[in-house]
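Single-structure report; data block below.
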Amino acid sequence: MPVSHTASEHCKRQLLERVRYDIPEVVTQALQNAPAGKRHPDHPLVTRLVSETQRSQAQLISHEDGIFCGKAWAEAVLQQISPDITWQWHTSDAAAIHQGQILATLTGPATALLSAETSVLHFLQTLSGISTRFSHTLSQLADTQLRVMDSLNTQPGFSNAIKYALLCGDHTAQRLDLSDLIPINENHIIACGSVVSAIENARWIDPDRPIEVTVTSFTQFSQALVAGADLIQLQNFTLPEVNAAVTERHKQQVSPMLIISGQNTCQHLPALSHTGVDYLSANALLNQPQPLNISLQFLPASA
């Protein structure tokens, strides 16, 4: 069952609202988990190396091509480290960036800039890496019928940031939220006794909401197909198993959306894109993170 453009836009608006609400807490947690000298400008590890009165200027520089993401998180880090840091951006979220490009110029106490470095780069490298890989994957799929779905399972506490990075990688991707459907995974199936029982229970809870079932075997897939699941996620299926699932769906003359996911999915993407499945789970892009190479470099005092 397709997701309407209106529903997709609604999910995007909700996501942006959640992102703005989440950022302060996410950044606070990141700074709390950072090494002592990387979260307090007045920590002895910093002040013994650099004078507390020294002011410096630094640049954020990209060392490879990609899609930029993470401005708001970087700004929140700088604000929490020191109100005396100022910045000027030379790019924006969702913009294409290139090797050697200066992304931003920062000015402030040297101790504060040194303390902010690790956390600023963590957010920019991680989120830009996700946006870049997502954009690259969509380019690979441009001439196929396979689309990417921003599915449900992402890192706790960081899920909205990841979803925002995917949004920066592509403005038209389909997005589903937990409020849009009833997800059933392996533990639900075990607890209910079978795939069929899990789906029947979900229908009883809310007969009008679509049901997504994650299956790990062809037997489970066949049961979900017969039981009337609306979306079936094929977790770690091999290429022959994916082809068999598409064939079985055609034989049964039913039309649940098929989603492929798993650790090795992206390695076989060209072949999988021509099998007849409907979606690639965005989670498949997150199993092996590839941070974008971005650095923070101090400028000489005379610059």
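Identifiers in this document derive from the order of the structure tokens: chains are assigned A, B, ..., residues are numbered from 1 separately in each chain, and ligands are numbered from 1 in order of occurrence.
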
Do you have, as a tab-separated table, the list of residues of range 120-215 of chain A lying at most 7 Å from range 220-244 of chain A, each with its nearest atom pair and that distance in Å to one decimal, counting only C-alpha atoms and ordered by chain then number?
```
residue	atom	partner	partner_atom	distance
A:Val195	CA	A:Ala224	CA	6.1
A:Val196	CA	A:Ala227	CA	5.7
A:Ile199	CA	A:Ala227	CA	6.8
A:Pro210	CA	A:Asp230	CA	5.6
A:Ile211	CA	A:Asp230	CA	5.3
A:Glu212	CA	A:Leu231	CA	4.5
A:Val213	CA	A:Ile232	CA	4.9
A:Thr214	CA	A:Gln233	CA	4.5
A:Val215	CA	A:Leu234	CA	5.5
```

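Residues lying within 8 Å of Gln54 in chain A, counting only C-alpha atoms and ignoring same-chain neighbours fewer than 5 positions away, are Pro109, Ala110 and Thr111 of chain A.
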
Next, write the just-selected residues to a file, as a short mmCIF file (atom, residue, chain, number, x, y, z; two decimals), in the first residue's frame, keeping all heavy atoms as the atom set.
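The file below, selection-v1.cif, is the result:
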```cif
data_model
loop_
_atom_site.label_atom_id
_atom_site.label_comp_id
_atom_site.auth_asym_id
_atom_site.auth_seq_id
_atom_site.Cartn_x
_atom_site.Cartn_y
_atom_site.Cartn_z
N PRO A 109 37.60 31.88 22.12
CA PRO A 109 38.71 31.46 22.99
C PRO A 109 39.31 30.15 22.48
O PRO A 109 38.58 29.21 22.15
CB PRO A 109 38.04 31.28 24.36
CG PRO A 109 36.81 32.12 24.29
CD PRO A 109 36.35 32.05 22.87
N ALA A 110 40.62 30.08 22.42
CA ALA A 110 41.28 28.88 21.91
C ALA A 110 40.92 27.65 22.73
O ALA A 110 40.72 26.56 22.19
CB ALA A 110 42.79 29.09 21.90
N THR A 111 40.82 27.84 24.06
CA THR A 111 40.47 26.71 24.91
C THR A 111 39.07 26.17 24.59
O THR A 111 38.84 24.96 24.61
CB THR A 111 40.53 27.11 26.40
OG1 THR A 111 39.70 28.28 26.60
CG2 THR A 111 41.94 27.42 26.83
#
```

* To do: Would you please give, as a ChimeraX atom specification, all residues of range 30-244 of chain A that DSSP assigns to strand (DSSP E) based on the backbone?
  => /A:55-62,66-67,86-89,96-97,102-109,147-150,174-175,182-184,211-215,231-235

* **All residues 12 Å or closer to His98 in chain A, only C-alpha atoms, same chain fewer than 4 positions away omitted, as a PyMOL selection string** => chain A and resi 61-68+91+102-103+132+292-294
